[in-house]
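Have a look at start-v1.pdb below; it lists PDB, C-alpha atoms, pLDDT in the B column.
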MODEL        1
ATOM      1  CA  LEU E  54     156.953  94.744  71.780  1.00 77.00           C
ATOM      2  CA  ASN E  55     158.404  98.119  72.642  1.00 89.00           C
ATOM      3  CA  VAL E  56     156.723  98.261  76.086  1.00 91.00           C
ATOM      4  CA  SER E  57     158.208  98.154  79.563  1.00 94.00           C
ATOM      5  CA  PRO E  58     158.438  94.784  81.336  1.00 91.00           C
ATOM      6  CA  ASN E  59     156.267  96.099  84.181  1.00 92.00           C
ATOM      7  CA  TYR E  60     153.530  97.229  81.808  1.00 94.00           C
ATOM      8  CA  LEU E  61     153.593  93.919  79.944  1.00 93.00           C
ATOM      9  CA  SER E  62     153.341  92.002  83.224  1.00 92.00           C
ATOM     10  CA  ARG E  63     150.413  94.128  84.399  1.00 94.00           C
ATOM     11  CA  VAL E  64     148.492  93.720  81.151  1.00 95.00           C
ATOM     12  CA  PHE E  65     149.205  89.992  80.999  1.00 95.00           C
ATOM     13  CA  ARG E  66     147.944  89.445  84.544  1.00 96.00           C
ATOM     14  CA  LYS E  67     144.856  91.569  83.942  1.00 96.00           C
ATOM     15  CA  GLU E  68     143.958  89.596  80.810  1.00 96.00           C
ATOM     16  CA  THR E  69     144.822  86.070  81.993  1.00 95.00           C
ATOM     17  CA  GLY E  70     144.501  86.156  85.768  1.00 96.00           C
ATOM     18  CA  ILE E  71     148.021  84.786  86.291  1.00 95.00           C
ATOM     19  CA  THR E  72     151.436  86.367  86.229  1.00 94.00           C
ATOM     20  CA  LEU E  73     153.683  86.101  83.201  1.00 93.00           C
ATOM     21  CA  THR E  74     156.248  84.220  85.291  1.00 92.00           C
ATOM     22  CA  ALA E  75     153.645  81.674  86.445  1.00 93.00           C
ATOM     23  CA  PHE E  76     152.509  81.186  82.842  1.00 95.00           C
ATOM     24  CA  ILE E  77     156.064  80.579  81.633  1.00 95.00           C
ATOM     25  CA  GLN E  78     156.661  78.063  84.435  1.00 94.00           C
ATOM     26  CA  LYS E  79     153.395  76.293  83.586  1.00 95.00           C
ATOM     27  CA  VAL E  80     154.364  75.981  79.907  1.00 96.00           C
ATOM     28  CA  ARG E  81     157.845  74.719  80.818  1.00 96.00           C
ATOM     29  CA  LEU E  82     156.464  72.107  83.200  1.00 96.00           C
ATOM     30  CA  GLU E  83     153.843  70.917  80.705  1.00 96.00           C
ATOM     31  CA  HIS E  84     156.631  70.414  78.177  1.00 96.00           C
ATOM     32  CA  ALA E  85     158.668  68.591  80.836  1.00 96.00           C
ATOM     33  CA  MET E  86     155.720  66.249  81.430  1.00 95.00           C
ATOM     34  CA  LEU E  87     155.614  65.411  77.724  1.00 94.00           C
ATOM     35  CA  LEU E  88     159.353  64.732  77.680  1.00 95.00           C
ATOM     36  CA  LEU E  89     159.073  62.543  80.789  1.00 93.00           C
ATOM     37  CA  ALA E  90     156.290  60.565  79.103  1.00 91.00           C
ATOM     38  CA  GLU E  91     158.407  60.044  75.978  1.00 90.00           C
ATOM     39  CA  GLY E  92     161.258  58.613  78.007  1.00 87.00           C
ATOM     40  CA  GLY E  93     164.817  58.263  76.830  1.00 89.00           C
ATOM     41  CA  ARG E  94     166.133  61.381  78.557  1.00 92.00           C
ATOM     42  CA  SER E  95     167.468  62.040  82.033  1.00 93.00           C
ATOM     43  CA  ILE E  96     165.568  64.382  84.305  1.00 94.00           C
ATOM     44  CA  SER E  97     168.531  66.785  84.346  1.00 95.00           C
ATOM     45  CA  GLU E  98     168.510  66.887  80.550  1.00 96.00           C
ATOM     46  CA  ILE E  99     164.768  67.567  80.533  1.00 96.00           C
ATOM     47  CA  ALA E 100     165.242  70.400  83.042  1.00 97.00           C
ATOM     48  CA  TYR E 101     167.783  72.006  80.717  1.00 97.00           C
ATOM     49  CA  LEU E 102     165.667  71.432  77.587  1.00 97.00           C
ATOM     50  CA  VAL E 103     162.644  73.203  79.060  1.00 97.00           C
ATOM     51  CA  GLY E 104     164.697  76.239  80.045  1.00 96.00           C
ATOM     52  CA  TYR E 105     165.900  75.774  83.603  1.00 96.00           C
ATOM     53  CA  GLN E 106     169.504  76.710  84.327  1.00 94.00           C
ATOM     54  CA  ASN E 107     169.820  74.247  87.204  1.00 93.00           C
ATOM     55  CA  TYR E 108     168.134  71.104  88.442  1.00 94.00           C
ATOM     56  CA  ARG E 109     167.277  72.556  91.857  1.00 95.00           C
ATOM     57  CA  ASP E 110     164.975  75.244  90.431  1.00 95.00           C
ATOM     58  CA  PHE E 111     163.351  72.734  88.088  1.00 97.00           C
ATOM     59  CA  TYR E 112     162.782  70.262  90.907  1.00 96.00           C
ATOM     60  CA  ARG E 113     161.325  72.901  93.252  1.00 96.00           C
ATOM     61  CA  ASN E 114     158.884  74.221  90.641  1.00 95.00           C
ATOM     62  CA  PHE E 115     157.969  70.739  89.439  1.00 96.00           C
ATOM     63  CA  VAL E 116     157.036  69.574  92.938  1.00 96.00           C
ATOM     64  CA  LYS E 117     155.164  72.820  93.588  1.00 93.00           C
ATOM     65  CA  TYR E 118     152.931  72.454  90.519  1.00 91.00           C
ATOM     66  CA  GLU E 119     152.673  68.681  90.143  1.00 91.00           C
ATOM     67  CA  ASN E 120     152.693  67.641  93.827  1.00 94.00           C
ATOM     68  CA  ALA E 121     155.141  64.886  92.916  1.00 94.00           C
ATOM     69  CA  SER E 122     158.816  64.673  92.088  1.00 94.00           C
ATOM     70  CA  PRO E 123     159.963  64.341  88.474  1.00 95.00           C
ATOM     71  CA  ARG E 124     161.158  60.795  89.280  1.00 93.00           C
ATOM     72  CA  GLN E 125     157.719  59.808  90.616  1.00 92.00           C
ATOM     73  CA  VAL E 126     156.033  61.137  87.487  1.00 90.00           C
ATOM     74  CA  GLN E 127     158.588  59.413  85.275  1.00 89.00           C
ATOM     75  CA  ARG E 128     157.850  56.114  87.028  1.00 88.00           C
ATOM     76  CA  ARG E 129     154.115  56.608  86.485  1.00 86.00           C
ATOM     77  CA  PHE E 130     154.749  56.780  82.757  1.00 83.00           C
ATOM     78  CA  THR E 131     157.195  53.857  82.757  1.00 76.00           C
ATOM     79  CA  PRO E 132     156.169  51.496  85.594  1.00 65.00           C
ATOM     80  CA  TRP E 133     158.692  48.807  84.645  1.00 63.00           C
ATOM     81  CA  ARG E 134     161.644  50.894  85.865  1.00 52.00           C
TER      82      ARG E 134
ENDMDL
END

Whole structure given in structure tokens:
Amino acid sequence: LNVSPNYLSRVFRKETGITLTAFIQKVRLEHAMLLLAEGGRSISEIAYLVGYQNYRDFYRNFVKYENASPRQVQRRFTPWR
């Protein structure tokens, strides 16, 4: 885009009301929810697929935004486990 990261962040927040980082986390976690609903993948694999470098960061952000652990959400989608 040929603009500074600080400028981009300022403009993004002004236009959307949320920070660029918060938006990226939201998109990642929404994708994680879809992957959890599909089933067939481990939570660690899902964390990696949505762009987290380690499970701890994924877990912390997931709980922060969803108010439940990834395992709890996974069980909601597949109650027979």

Residues selected by the PyMOL selection byres ((chain E and resi 85) around 12), written as an NGL selection string: :E and (78-84 or 86-92 or 94-105 or 111-112 or 114-115 or 118-119 or 122-124 or 126-127)

Taking C-alpha atoms for each residue, export the selection above as a PDB file, in the frame of the given file.
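Okay, out-v1.pdb is ready:
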ATOM      1  CA  GLN E  78     156.661  78.063  84.435  1.00 94.00           C
ATOM      2  CA  LYS E  79     153.395  76.293  83.586  1.00 95.00           C
ATOM      3  CA  VAL E  80     154.364  75.981  79.907  1.00 96.00           C
ATOM      4  CA  ARG E  81     157.845  74.719  80.818  1.00 96.00           C
ATOM      5  CA  LEU E  82     156.464  72.107  83.200  1.00 96.00           C
ATOM      6  CA  GLU E  83     153.843  70.917  80.705  1.00 96.00           C
ATOM      7  CA  HIS E  84     156.631  70.414  78.177  1.00 96.00           C
ATOM      8  CA  MET E  86     155.720  66.249  81.430  1.00 95.00           C
ATOM      9  CA  LEU E  87     155.614  65.411  77.724  1.00 94.00           C
ATOM     10  CA  LEU E  88     159.353  64.732  77.680  1.00 95.00           C
ATOM     11  CA  LEU E  89     159.073  62.543  80.789  1.00 93.00           C
ATOM     12  CA  ALA E  90     156.290  60.565  79.103  1.00 91.00           C
ATOM     13  CA  GLU E  91     158.407  60.044  75.978  1.00 90.00           C
ATOM     14  CA  GLY E  92     161.258  58.613  78.007  1.00 87.00           C
ATOM     15  CA  ARG E  94     166.133  61.381  78.557  1.00 92.00           C
ATOM     16  CA  SER E  95     167.468  62.040  82.033  1.00 93.00           C
ATOM     17  CA  ILE E  96     165.568  64.382  84.305  1.00 94.00           C
ATOM     18  CA  SER E  97     168.531  66.785  84.346  1.00 95.00           C
ATOM     19  CA  GLU E  98     168.510  66.887  80.550  1.00 96.00           C
ATOM     20  CA  ILE E  99     164.768  67.567  80.533  1.00 96.00           C
ATOM     21  CA  ALA E 100     165.242  70.400  83.042  1.00 97.00           C
ATOM     22  CA  TYR E 101     167.783  72.006  80.717  1.00 97.00           C
ATOM     23  CA  LEU E 102     165.667  71.432  77.587  1.00 97.00           C
ATOM     24  CA  VAL E 103     162.644  73.203  79.060  1.00 97.00           C
ATOM     25  CA  GLY E 104     164.697  76.239  80.045  1.00 96.00           C
ATOM     26  CA  TYR E 105     165.900  75.774  83.603  1.00 96.00           C
ATOM     27  CA  PHE E 111     163.351  72.734  88.088  1.00 97.00           C
ATOM     28  CA  TYR E 112     162.782  70.262  90.907  1.00 96.00           C
ATOM     29  CA  ASN E 114     158.884  74.221  90.641  1.00 95.00           C
ATOM     30  CA  PHE E 115     157.969  70.739  89.439  1.00 96.00           C
ATOM     31  CA  TYR E 118     152.931  72.454  90.519  1.00 91.00           C
ATOM     32  CA  GLU E 119     152.673  68.681  90.143  1.00 91.00           C
ATOM     33  CA  SER E 122     158.816  64.673  92.088  1.00 94.00           C
ATOM     34  CA  PRO E 123     159.963  64.341  88.474  1.00 95.00           C
ATOM     35  CA  ARG E 124     161.158  60.795  89.280  1.00 93.00           C
ATOM     36  CA  VAL E 126     156.033  61.137  87.487  1.00 90.00           C
ATOM     37  CA  GLN E 127     158.588  59.413  85.275  1.00 89.00           C
TER      38      GLN E 127
END

Å distance separating atom CA of E:Phe130 from atom CA of E:Lys117, one decimal place: 19.4 Å

Interatomic distance, atom CA of E:Ala75 to atom CA of E:Ser62 (Å, one decimal): 10.8 Å

Straight-line distance linking atom CA of E:Ala121 with atom CA of E:Asn107, stated in Å to one decimal: 18.3 Å

Using all atoms of stretch 54-65 of chain E listed in the file and a margin of 6 Å per side, can you give the axis-aligned box centre and edge lengths in Å to one decimal, as JSON?
{"center_x": 153.5, "center_y": 94.1, "center_z": 78.1, "size_x": 21.9, "size_y": 20.3, "size_z": 24.6}

When you get a chance, write out all heavy atoms for stretch 91-102 of chain E, as a PDB file, keeping the file's coordinate frame.
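What landed in selection.pdb:
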ATOM      1  N   GLU E  91     157.694  60.635  77.120  1.00 90.00           N
ATOM      2  CA  GLU E  91     158.407  60.044  75.978  1.00 90.00           C
ATOM      3  C   GLU E  91     159.492  59.087  76.426  1.00 90.00           C
ATOM      4  O   GLU E  91     159.753  58.085  75.774  1.00 90.00           O
ATOM      5  CB  GLU E  91     159.060  61.144  75.133  1.00 90.00           C
ATOM      6  CG  GLU E  91     158.130  61.897  74.248  1.00 90.00           C
ATOM      7  CD  GLU E  91     158.860  62.987  73.474  1.00 90.00           C
ATOM      8  OE1 GLU E  91     160.116  63.078  73.556  1.00 90.00           O
ATOM      9  OE2 GLU E  91     158.182  63.760  72.793  1.00 90.00           O
ATOM     10  N   GLY E  92     160.146  59.428  77.521  1.00 87.00           N
ATOM     11  CA  GLY E  92     161.258  58.613  78.007  1.00 87.00           C
ATOM     12  C   GLY E  92     162.515  58.857  77.194  1.00 87.00           C
ATOM     13  O   GLY E  92     162.541  59.648  76.254  1.00 87.00           O
ATOM     14  N   GLY E  93     163.579  58.175  77.575  1.00 89.00           N
ATOM     15  CA  GLY E  93     164.817  58.263  76.830  1.00 89.00           C
ATOM     16  C   GLY E  93     165.726  59.415  77.202  1.00 89.00           C
ATOM     17  O   GLY E  93     166.810  59.554  76.640  1.00 89.00           O
ATOM     18  N   ARG E  94     165.298  60.250  78.134  1.00 92.00           N
ATOM     19  CA  ARG E  94     166.133  61.381  78.557  1.00 92.00           C
ATOM     20  C   ARG E  94     166.213  61.397  80.075  1.00 92.00           C
ATOM     21  O   ARG E  94     165.273  61.022  80.764  1.00 92.00           O
ATOM     22  CB  ARG E  94     165.544  62.705  78.083  1.00 92.00           C
ATOM     23  CG  ARG E  94     165.644  62.925  76.613  1.00 92.00           C
ATOM     24  CD  ARG E  94     165.261  64.368  76.294  1.00 92.00           C
ATOM     25  NE  ARG E  94     165.637  64.709  74.943  1.00 92.00           N
ATOM     26  CZ  ARG E  94     164.797  64.741  73.931  1.00 92.00           C
ATOM     27  NH1 ARG E  94     163.533  64.444  74.103  1.00 92.00           N
ATOM     28  NH2 ARG E  94     165.223  65.082  72.728  1.00 92.00           N
ATOM     29  N   SER E  95     167.331  61.899  80.585  1.00 93.00           N
ATOM     30  CA  SER E  95     167.468  62.040  82.033  1.00 93.00           C
ATOM     31  C   SER E  95     166.650  63.245  82.488  1.00 93.00           C
ATOM     32  O   SER E  95     166.340  64.149  81.706  1.00 93.00           O
ATOM     33  CB  SER E  95     168.932  62.238  82.416  1.00 93.00           C
ATOM     34  OG  SER E  95     169.383  63.519  82.022  1.00 93.00           O
ATOM     35  N   ILE E  96     166.340  63.268  83.759  1.00 94.00           N
ATOM     36  CA  ILE E  96     165.568  64.382  84.305  1.00 94.00           C
ATOM     37  C   ILE E  96     166.380  65.669  84.231  1.00 94.00           C
ATOM     38  O   ILE E  96     165.842  66.732  83.925  1.00 94.00           O
ATOM     39  CB  ILE E  96     165.111  64.063  85.740  1.00 94.00           C
ATOM     40  CG1 ILE E  96     164.133  62.877  85.696  1.00 94.00           C
ATOM     41  CG2 ILE E  96     164.462  65.273  86.388  1.00 94.00           C
ATOM     42  CD1 ILE E  96     163.747  62.335  87.044  1.00 94.00           C
ATOM     43  N   SER E  97     167.673  65.594  84.458  1.00 95.00           N
ATOM     44  CA  SER E  97     168.531  66.785  84.346  1.00 95.00           C
ATOM     45  C   SER E  97     168.518  67.335  82.930  1.00 95.00           C
ATOM     46  O   SER E  97     168.468  68.552  82.725  1.00 95.00           O
ATOM     47  CB  SER E  97     169.960  66.451  84.750  1.00 95.00           C
ATOM     48  OG  SER E  97     170.020  66.120  86.103  1.00 95.00           O
ATOM     49  N   GLU E  98     168.549  66.454  81.948  1.00 96.00           N
ATOM     50  CA  GLU E  98     168.510  66.887  80.550  1.00 96.00           C
ATOM     51  C   GLU E  98     167.172  67.558  80.239  1.00 96.00           C
ATOM     52  O   GLU E  98     167.126  68.593  79.570  1.00 96.00           O
ATOM     53  CB  GLU E  98     168.735  65.699  79.623  1.00 96.00           C
ATOM     54  CG  GLU E  98     168.764  66.051  78.165  1.00 96.00           C
ATOM     55  CD  GLU E  98     168.971  64.848  77.253  1.00 96.00           C
ATOM     56  OE1 GLU E  98     169.025  63.702  77.744  1.00 96.00           O
ATOM     57  OE2 GLU E  98     169.046  65.085  76.040  1.00 96.00           O
ATOM     58  N   ILE E  99     166.093  66.993  80.748  1.00 96.00           N
ATOM     59  CA  ILE E  99     164.768  67.567  80.533  1.00 96.00           C
ATOM     60  C   ILE E  99     164.689  68.955  81.167  1.00 96.00           C
ATOM     61  O   ILE E  99     164.168  69.884  80.563  1.00 96.00           O
ATOM     62  CB  ILE E  99     163.671  66.626  81.078  1.00 96.00           C
ATOM     63  CG1 ILE E  99     163.585  65.372  80.192  1.00 96.00           C
ATOM     64  CG2 ILE E  99     162.321  67.338  81.158  1.00 96.00           C
ATOM     65  CD1 ILE E  99     162.713  64.276  80.745  1.00 96.00           C
ATOM     66  N   ALA E 100     165.234  69.088  82.374  1.00 97.00           N
ATOM     67  CA  ALA E 100     165.242  70.400  83.042  1.00 97.00           C
ATOM     68  C   ALA E 100     165.925  71.438  82.159  1.00 97.00           C
ATOM     69  O   ALA E 100     165.418  72.555  81.985  1.00 97.00           O
ATOM     70  CB  ALA E 100     165.941  70.303  84.391  1.00 97.00           C
ATOM     71  N   TYR E 101     167.050  71.090  81.591  1.00 97.00           N
ATOM     72  CA  TYR E 101     167.783  72.006  80.717  1.00 97.00           C
ATOM     73  C   TYR E 101     166.987  72.299  79.441  1.00 97.00           C
ATOM     74  O   TYR E 101     166.889  73.446  79.017  1.00 97.00           O
ATOM     75  CB  TYR E 101     169.145  71.418  80.376  1.00 97.00           C
ATOM     76  CG  TYR E 101     169.920  72.241  79.388  1.00 97.00           C
ATOM     77  CD1 TYR E 101     170.531  73.432  79.768  1.00 97.00           C
ATOM     78  CD2 TYR E 101     170.018  71.843  78.064  1.00 97.00           C
ATOM     79  CE1 TYR E 101     171.229  74.203  78.853  1.00 97.00           C
ATOM     80  CE2 TYR E 101     170.714  72.605  77.139  1.00 97.00           C
ATOM     81  CZ  TYR E 101     171.318  73.786  77.535  1.00 97.00           C
ATOM     82  OH  TYR E 101     171.994  74.547  76.621  1.00 97.00           O
ATOM     83  N   LEU E 102     166.399  71.264  78.844  1.00 97.00           N
ATOM     84  CA  LEU E 102     165.667  71.432  77.587  1.00 97.00           C
ATOM     85  C   LEU E 102     164.448  72.352  77.717  1.00 97.00           C
ATOM     86  O   LEU E 102     164.089  73.032  76.766  1.00 97.00           O
ATOM     87  CB  LEU E 102     165.224  70.075  77.035  1.00 97.00           C
ATOM     88  CG  LEU E 102     166.316  69.191  76.470  1.00 97.00           C
ATOM     89  CD1 LEU E 102     165.771  67.805  76.153  1.00 97.00           C
ATOM     90  CD2 LEU E 102     166.929  69.822  75.236  1.00 97.00           C
TER      91      LEU E 102
END
